[in-house]
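Following: one structure in structure tokens, then a few remarks.
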Amino acid sequence: MRGELYNISVGGIQKKIRRTKCLCAMLVAVMLGLHVLFLCIRTEHNHSLMLWLNIMADTFGSWMLIYLYFSRIALLKQFYLFAKKREYQVIGTVEWISERTVRYRQLDCYEVFINGKKYFAPADFIKLETTFNVKISVTSGVIVEVAYE
Amino acid sequence: MNKAHLQYHWWKYLLVFIFSFSVWYTVFHSIAQPNPNEKLNVLFVGESLDAQGLETEIKQHLPDLTSQELQQVKVTQTYLQGDEMFQVLQTRFYEYDIVIISESCLQKNMGVLLEQRFMTQALCRYFSEYMLYVETSENGAAAYGFLMEQSRGLFANYYLGKEKCYCFPSPWSENFGGLNSRGEKADDCALVIMDLLLNGYVQEVSEQ
């Protein structure tokens, strides 16, 4: 089956958020451990080296946290809010899908035309192709679920 | 990592690096500072002192006079008067072990400046042959420093001015061999240097 939602269940989204948060906590623990280690083994001779190792550990750790939060947790949370609501359903044929994504309601979405009307398909969660007959669930113009007719 | 993520969040990555760098730099800079008993700071407030020459000579003499290991020995000269001198010393006196002030810069409020922490009996006894700098307040007279003789001591060799100078041992210093009720007996670099500045030679520390 093509054109499916990567993770269709609301429970699945929550599980994914929990798993990513756990990963973040582990990352923070590793960062703290590294800081303590570098501070403990610091001497007059390796002072500059330890300074840079601390900066690097902090920077790379924080970069990973930013990536995990903004490209996973925040997106999942946002999509979760839409997926929970499911305002209405539409049945029709996918007529056109944009090649580039646009930012819509803090999600990167493909613009999709179904029955002459524009909807937004979150690029990280929904995969659609043209000419398929679909039944979609929509919240505020965002496609949150796809089923094939 | 998709392009859109970097497009929207690049500044957060940059900010994190700058923040991390500044925080760790500050932390490492502060822990790299020597402990109070690993440094000797002398401040001269006035004109006509060869501070560099005095610092070099102190560094030469120190290893022979004390077993205390020092990471930093510094003689600083500044010229401040009136309120400016008062404000700077009030906030920074504790950073120095010995402060020497020439007469024109001296104000009659050293007691306030030193938070009424006058010299201990032990210090007064150790330098008993010198004229004390005394201030009288509601609580009575208290000694805060000594008058430096212009023809005697290491200081006289490097001081080219004509004014009288007064030498104040810092009550916060941990380098007076315990004579000012702070620090260990072995940490006596400020004591021997003050002796050298006043006397030109170092006296034996008598059991107090």
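All residue names refer to the structure tokens as shown: chains lettered A, B, ... in order, residues numbered from 1 in each chain, ligands numbered from 1 in order.
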- Among chain A, which ones does DSSP place in alpha helix (DSSP H), written as a VMD selection string? chain A and resid 10 to 40 47 to 68 74 to 85
- Identify, on the basis of only C-alpha atoms, every residue whose closest approach to Gly116 (chain A) does not exceed 10 Å; exclude the query and any residue fewer than 6 positions from it along the same chain; express the result as a list in words.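 The residues satisfying every condition are Gly92, Thr93, Val94, Glu95 and Trp96 of chain A.
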- Task: Return as a PyMOL selection string the full set of residues in region 39-208 of chain B whose backbone-based DSSP assignment is strand (DSSP E or B).
- Result: chain B and resi 39-45+49+72-78+98-102+132-137+140-148+159+165-169
Could you produce a table of the residues of chain A lying within 7 Å of chain B, with the nearest pair of atoms per residue and their separation in Å rounded to one decimal, using only C-alpha atoms, ordered by chain and increasing residue number, as CSV?
```
residue,atom,partner,partner_atom,distance
A:Leu51,CA,B:Phe28,CA,6.6
A:Ile55,CA,B:Phe21,CA,5.7
A:Asp58,CA,B:Ser20,CA,6.4
A:Thr59,CA,B:Phe17,CA,5.4
A:Ser62,CA,B:Val16,CA,6.9
A:Trp63,CA,B:Tyr13,CA,6.0
A:Ser71,CA,B:His5,CA,6.6
```
Residue selection dump (all heavy atoms) as a PDB file, in the first residue's frame:
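Output file selection-v1.pdb is given in full below:
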```
ATOM      1  N   LEU A  51      39.736  22.614  28.606  1.00  0.00           N
ATOM      2  CA  LEU A  51      38.786  23.697  28.296  1.00  0.00           C
ATOM      3  C   LEU A  51      38.103  23.410  26.970  1.00  0.00           C
ATOM      4  O   LEU A  51      36.869  23.453  26.863  1.00  0.00           O
ATOM      5  CB  LEU A  51      39.530  25.040  28.250  1.00  0.00           C
ATOM      6  CG  LEU A  51      38.789  26.224  27.626  1.00  0.00           C
ATOM      7  CD1 LEU A  51      37.580  26.611  28.473  1.00  0.00           C
ATOM      8  CD2 LEU A  51      39.692  27.438  27.492  1.00  0.00           C
ATOM      9  N   ILE A  55      34.187  22.482  26.042  1.00  0.00           N
ATOM     10  CA  ILE A  55      33.399  23.274  25.086  1.00  0.00           C
ATOM     11  C   ILE A  55      32.822  22.362  23.994  1.00  0.00           C
ATOM     12  O   ILE A  55      31.651  22.458  23.642  1.00  0.00           O
ATOM     13  CB  ILE A  55      34.264  24.399  24.462  1.00  0.00           C
ATOM     14  CG1 ILE A  55      34.602  25.450  25.526  1.00  0.00           C
ATOM     15  CG2 ILE A  55      33.544  25.063  23.295  1.00  0.00           C
ATOM     16  CD1 ILE A  55      35.617  26.484  25.091  1.00  0.00           C
ATOM     17  N   ASP A  58      30.074  20.113  25.337  1.00  0.00           N
ATOM     18  CA  ASP A  58      28.879  20.929  25.559  1.00  0.00           C
ATOM     19  C   ASP A  58      28.205  21.289  24.235  1.00  0.00           C
ATOM     20  O   ASP A  58      26.990  21.172  24.085  1.00  0.00           O
ATOM     21  CB  ASP A  58      29.313  22.209  26.285  1.00  0.00           C
ATOM     22  CG  ASP A  58      28.257  22.683  27.253  1.00  0.00           C
ATOM     23  OD1 ASP A  58      27.376  21.880  27.585  1.00  0.00           O
ATOM     24  OD2 ASP A  58      28.320  23.837  27.671  1.00  0.00           O
ATOM     25  N   THR A  59      29.028  21.729  23.284  1.00  0.00           N
ATOM     26  CA  THR A  59      28.482  22.184  22.004  1.00  0.00           C
ATOM     27  C   THR A  59      27.834  21.027  21.236  1.00  0.00           C
ATOM     28  O   THR A  59      26.678  21.128  20.829  1.00  0.00           O
ATOM     29  CB  THR A  59      29.605  22.815  21.148  1.00  0.00           C
ATOM     30  OG1 THR A  59      30.208  23.848  21.906  1.00  0.00           O
ATOM     31  CG2 THR A  59      29.064  23.403  19.868  1.00  0.00           C
ATOM     32  N   SER A  62      24.722  19.767  22.999  1.00  0.00           N
ATOM     33  CA  SER A  62      23.600  20.704  22.860  1.00  0.00           C
ATOM     34  C   SER A  62      23.068  20.713  21.433  1.00  0.00           C
ATOM     35  O   SER A  62      21.862  20.821  21.221  1.00  0.00           O
ATOM     36  CB  SER A  62      24.039  22.116  23.245  1.00  0.00           C
ATOM     37  OG  SER A  62      24.599  22.097  24.512  1.00  0.00           O
ATOM     38  N   TRP A  63      23.962  20.570  20.463  1.00  0.00           N
ATOM     39  CA  TRP A  63      23.505  20.518  19.067  1.00  0.00           C
ATOM     40  C   TRP A  63      22.597  19.305  18.851  1.00  0.00           C
ATOM     41  O   TRP A  63      21.564  19.397  18.194  1.00  0.00           O
ATOM     42  CB  TRP A  63      24.713  20.438  18.124  1.00  0.00           C
ATOM     43  CG  TRP A  63      25.397  21.752  17.919  1.00  0.00           C
ATOM     44  CD1 TRP A  63      25.047  22.960  18.472  1.00  0.00           C
ATOM     45  CD2 TRP A  63      26.546  22.014  17.107  1.00  0.00           C
ATOM     46  NE1 TRP A  63      25.921  23.937  18.081  1.00  0.00           N
ATOM     47  CE2 TRP A  63      26.849  23.392  17.238  1.00  0.00           C
ATOM     48  CE3 TRP A  63      27.364  21.225  16.314  1.00  0.00           C
ATOM     49  CZ2 TRP A  63      27.911  23.997  16.583  1.00  0.00           C
ATOM     50  CZ3 TRP A  63      28.434  21.824  15.653  1.00  0.00           C
ATOM     51  CH2 TRP A  63      28.705  23.190  15.782  1.00  0.00           C
ATOM     52  N   SER A  71      13.603  18.810  15.606  1.00  0.00           N
ATOM     53  CA  SER A  71      13.256  18.069  14.395  1.00  0.00           C
ATOM     54  C   SER A  71      12.482  16.791  14.716  1.00  0.00           C
ATOM     55  O   SER A  71      12.041  16.100  13.818  1.00  0.00           O
ATOM     56  CB  SER A  71      14.500  17.750  13.575  1.00  0.00           C
ATOM     57  OG  SER A  71      15.174  16.677  14.154  1.00  0.00           O
TER      58      SER A  71
END
```
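Between CA of Gly12 (chain A) and CA of Glu111 (chain A) lies a distance of 25.0 Å.
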- Task: Just the residues within 9 Å of Gln90 (chain B), please, counting only C-alpha atoms, with nothing from its chain fewer than 3 positions along; format it as a list in words.
- Result: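 Residues near the query, excluding close chain neighbours: Met85, Phe86, Gln87, Phe93, Tyr94, Val112, Leu113, Leu114 and Glu115 of chain B.
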I need the chosen residues saved as a JSON list (two decimals), in the first residue's frame, with N, CA and C atoms.
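Resulting contents of result.json:
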```
[["chain", "number", "residue", "atom", "x", "y", "z"],
["B", 85, "MET", "N", 40.40, 57.23, 44.87],
["B", 85, "MET", "CA", 41.28, 56.32, 45.59],
["B", 85, "MET", "C", 40.48, 55.53, 46.62],
["B", 86, "PHE", "N", 39.59, 56.23, 47.28],
["B", 86, "PHE", "CA", 38.80, 55.60, 48.33],
["B", 86, "PHE", "C", 37.92, 54.49, 47.75],
["B", 87, "GLN", "N", 37.25, 54.82, 46.64],
["B", 87, "GLN", "CA", 36.33, 53.84, 46.04],
["B", 87, "GLN", "C", 37.07, 52.61, 45.51],
["B", 93, "PHE", "N", 40.80, 46.34, 47.97],
["B", 93, "PHE", "CA", 41.88, 46.22, 48.94],
["B", 93, "PHE", "C", 42.21, 44.75, 49.22],
["B", 94, "TYR", "N", 41.16, 43.94, 49.29],
["B", 94, "TYR", "CA", 41.36, 42.53, 49.67],
["B", 94, "TYR", "C", 42.16, 41.75, 48.63],
["B", 112, "VAL", "N", 37.95, 53.16, 57.89],
["B", 112, "VAL", "CA", 36.71, 52.85, 57.16],
["B", 112, "VAL", "C", 37.04, 51.93, 55.99],
["B", 113, "LEU", "N", 38.12, 52.28, 55.30],
["B", 113, "LEU", "CA", 38.54, 51.51, 54.12],
["B", 113, "LEU", "C", 38.84, 50.05, 54.49],
["B", 114, "LEU", "N", 39.41, 49.87, 55.64],
["B", 114, "LEU", "CA", 39.77, 48.52, 56.09],
["B", 114, "LEU", "C", 38.69, 47.90, 56.98],
["B", 115, "GLU", "N", 37.49, 48.49, 56.90],
["B", 115, "GLU", "CA", 36.35, 47.99, 57.67],
["B", 115, "GLU", "C", 36.68, 47.84, 59.15]]
```
So that I can check the surroundings of region 154-171 of chain B, please list as a tab-separated table (two decimals) with N, CA and C atoms, in the first residue's frame every protein, DNA and RNA residue that reaches within 6 Å of it, counting only C-alpha atoms and ignoring chain neighbours fewer than 5 positions away.
```tsv
chain	number	residue	atom	x	y	z
B	48	SER	N	56.30	58.17	41.17
B	48	SER	CA	57.76	58.05	41.27
B	48	SER	C	58.28	56.74	41.87
B	49	LEU	N	57.66	55.67	41.52
B	49	LEU	CA	58.18	54.37	41.95
B	49	LEU	C	58.56	53.55	40.72
B	50	ASP	N	59.72	52.91	40.78
B	50	ASP	CA	60.10	51.98	39.72
B	50	ASP	C	59.50	50.61	40.08
B	97	ASP	N	48.14	42.12	49.16
B	97	ASP	CA	48.68	41.72	50.46
B	97	ASP	C	49.24	42.94	51.19
B	98	ILE	N	49.90	43.79	50.42
B	98	ILE	CA	50.51	44.99	51.00
B	98	ILE	C	50.10	46.19	50.14
B	99	VAL	N	49.62	47.24	50.80
B	99	VAL	CA	49.28	48.46	50.06
B	99	VAL	C	50.13	49.60	50.62
B	100	ILE	N	50.86	50.27	49.73
B	100	ILE	CA	51.69	51.41	50.15
B	100	ILE	C	51.07	52.67	49.54
B	101	ILE	N	50.82	53.64	50.37
B	101	ILE	CA	50.15	54.85	49.88
B	101	ILE	C	51.01	56.07	50.21
B	102	SER	N	51.23	56.91	49.20
B	102	SER	CA	52.02	58.12	49.47
B	102	SER	C	51.12	59.17	50.13
B	103	GLU	N	51.76	60.10	50.79
B	103	GLU	CA	51.03	61.04	51.66
B	103	GLU	C	49.94	61.83	50.93
B	145	GLY	N	48.69	50.73	59.97
B	145	GLY	CA	49.86	50.57	59.11
B	145	GLY	C	51.10	51.19	59.74
B	146	PHE	N	52.13	51.35	58.89
B	146	PHE	CA	53.40	51.89	59.37
B	146	PHE	C	53.90	53.00	58.47
B	147	LEU	N	54.65	53.89	59.06
B	147	LEU	CA	55.31	54.92	58.27
B	147	LEU	C	56.59	54.31	57.71
B	148	MET	N	56.83	54.54	56.42
B	148	MET	CA	58.04	53.98	55.81
B	148	MET	C	59.16	55.00	55.87
B	196	LEU	N	61.34	43.27	54.16
B	196	LEU	CA	62.37	43.68	53.21
B	196	LEU	C	62.12	45.12	52.72
B	197	LEU	N	60.86	45.44	52.49
B	197	LEU	CA	60.53	46.78	52.01
B	197	LEU	C	60.82	47.83	53.08
B	200	GLY	N	64.99	46.27	54.72
B	200	GLY	CA	66.09	45.94	53.82
B	200	GLY	C	66.67	44.59	54.18
```
- Excluding region 58-61 of chain B and residues on its chain fewer than 2 positions from it, collect all residues at most 12 Å away from it, counting only C-alpha atoms, and give them as a VMD selection string. chain B and resid 39 to 42 51 to 56 63 to 67 69 to 75 154 to 155 158 189 to 190 192 to 197 200 to 202
- Task: Find the residues near region 35-43 of chain A: any atom within 6 Å, counting only C-alpha atoms, skip ones fewer than 4 places away on the same chain, and give them as a PyMOL selection string.
- Result: chain A and resi 47+50+54
- Kindly give the distance, in Å, that separates CA of Arg152 (chain B) and CA of Leu191 (chain B), rounded to a single decimal.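 Going from CA of Arg152 (chain B) over to CA of Leu191 (chain B), I get 16.9 Å.
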- Query: Counting only C-alpha atoms, what is within 8 Å of Tyr119 (chain A), bar same-chain residues fewer than 3 positions away, as a PyMOL selection string?
  - Reply: chain A and resi 111-114+141-143
Expected file: the selected residues, all heavy atoms, as a PDB file, in the first residue's frame:
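Below is the file that was written, selection.pdb:
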```
ATOM      1  N   GLU A 111       2.082  20.867  -0.490  1.00  0.00           N
ATOM      2  CA  GLU A 111       0.730  21.334  -0.838  1.00  0.00           C
ATOM      3  C   GLU A 111       0.099  20.259  -1.716  1.00  0.00           C
ATOM      4  O   GLU A 111       0.708  19.797  -2.677  1.00  0.00           O
ATOM      5  CB  GLU A 111       0.821  22.652  -1.593  1.00  0.00           C
ATOM      6  CG  GLU A 111       1.286  23.798  -0.694  1.00  0.00           C
ATOM      7  CD  GLU A 111       1.598  25.051  -1.465  1.00  0.00           C
ATOM      8  OE1 GLU A 111       2.575  25.024  -2.236  1.00  0.00           O
ATOM      9  OE2 GLU A 111       0.860  26.030  -1.324  1.00  0.00           O
ATOM     10  N   VAL A 112      -1.139  19.878  -1.379  1.00  0.00           N
ATOM     11  CA  VAL A 112      -1.808  18.789  -2.099  1.00  0.00           C
ATOM     12  C   VAL A 112      -3.192  19.278  -2.546  1.00  0.00           C
ATOM     13  O   VAL A 112      -3.897  19.928  -1.770  1.00  0.00           O
ATOM     14  CB  VAL A 112      -1.982  17.566  -1.157  1.00  0.00           C
ATOM     15  CG1 VAL A 112      -2.708  16.431  -1.868  1.00  0.00           C
ATOM     16  CG2 VAL A 112      -0.652  17.087  -0.631  1.00  0.00           C
ATOM     17  N   PHE A 113      -3.532  19.002  -3.807  1.00  0.00           N
ATOM     18  CA  PHE A 113      -4.877  19.358  -4.289  1.00  0.00           C
ATOM     19  C   PHE A 113      -5.717  18.090  -4.413  1.00  0.00           C
ATOM     20  O   PHE A 113      -5.346  17.135  -5.096  1.00  0.00           O
ATOM     21  CB  PHE A 113      -4.799  20.073  -5.645  1.00  0.00           C
ATOM     22  CG  PHE A 113      -4.538  21.547  -5.479  1.00  0.00           C
ATOM     23  CD1 PHE A 113      -3.253  22.037  -5.375  1.00  0.00           C
ATOM     24  CD2 PHE A 113      -5.605  22.443  -5.395  1.00  0.00           C
ATOM     25  CE1 PHE A 113      -3.016  23.378  -5.199  1.00  0.00           C
ATOM     26  CE2 PHE A 113      -5.369  23.797  -5.222  1.00  0.00           C
ATOM     27  CZ  PHE A 113      -4.073  24.278  -5.131  1.00  0.00           C
ATOM     28  N   ILE A 114      -6.831  18.071  -3.693  1.00  0.00           N
ATOM     29  CA  ILE A 114      -7.781  16.945  -3.770  1.00  0.00           C
ATOM     30  C   ILE A 114      -9.157  17.537  -4.048  1.00  0.00           C
ATOM     31  O   ILE A 114      -9.599  18.443  -3.311  1.00  0.00           O
ATOM     32  CB  ILE A 114      -7.796  16.129  -2.459  1.00  0.00           C
ATOM     33  CG1 ILE A 114      -6.401  15.533  -2.206  1.00  0.00           C
ATOM     34  CG2 ILE A 114      -8.853  15.034  -2.489  1.00  0.00           C
ATOM     35  CD1 ILE A 114      -6.217  14.915  -0.856  1.00  0.00           C
ATOM     36  N   GLY A 141      -6.859  22.176   7.785  1.00  0.00           N
ATOM     37  CA  GLY A 141      -6.206  22.100   6.467  1.00  0.00           C
ATOM     38  C   GLY A 141      -5.041  21.148   6.410  1.00  0.00           C
ATOM     39  O   GLY A 141      -4.455  20.925   5.351  1.00  0.00           O
ATOM     40  N   VAL A 142      -4.672  20.533   7.550  1.00  0.00           N
ATOM     41  CA  VAL A 142      -3.534  19.602   7.581  1.00  0.00           C
ATOM     42  C   VAL A 142      -4.060  18.164   7.510  1.00  0.00           C
ATOM     43  O   VAL A 142      -4.973  17.790   8.266  1.00  0.00           O
ATOM     44  CB  VAL A 142      -2.720  19.789   8.885  1.00  0.00           C
ATOM     45  CG1 VAL A 142      -1.579  18.775   8.961  1.00  0.00           C
ATOM     46  CG2 VAL A 142      -2.182  21.199   8.973  1.00  0.00           C
ATOM     47  N   ILE A 143      -3.490  17.399   6.594  1.00  0.00           N
ATOM     48  CA  ILE A 143      -3.900  15.983   6.466  1.00  0.00           C
ATOM     49  C   ILE A 143      -3.264  15.205   7.612  1.00  0.00           C
ATOM     50  O   ILE A 143      -2.035  15.235   7.795  1.00  0.00           O
ATOM     51  CB  ILE A 143      -3.446  15.403   5.105  1.00  0.00           C
ATOM     52  CG1 ILE A 143      -4.096  16.188   3.970  1.00  0.00           C
ATOM     53  CG2 ILE A 143      -3.786  13.923   5.024  1.00  0.00           C
ATOM     54  CD1 ILE A 143      -3.540  15.871   2.601  1.00  0.00           C
TER      55      ILE A 143
END
```
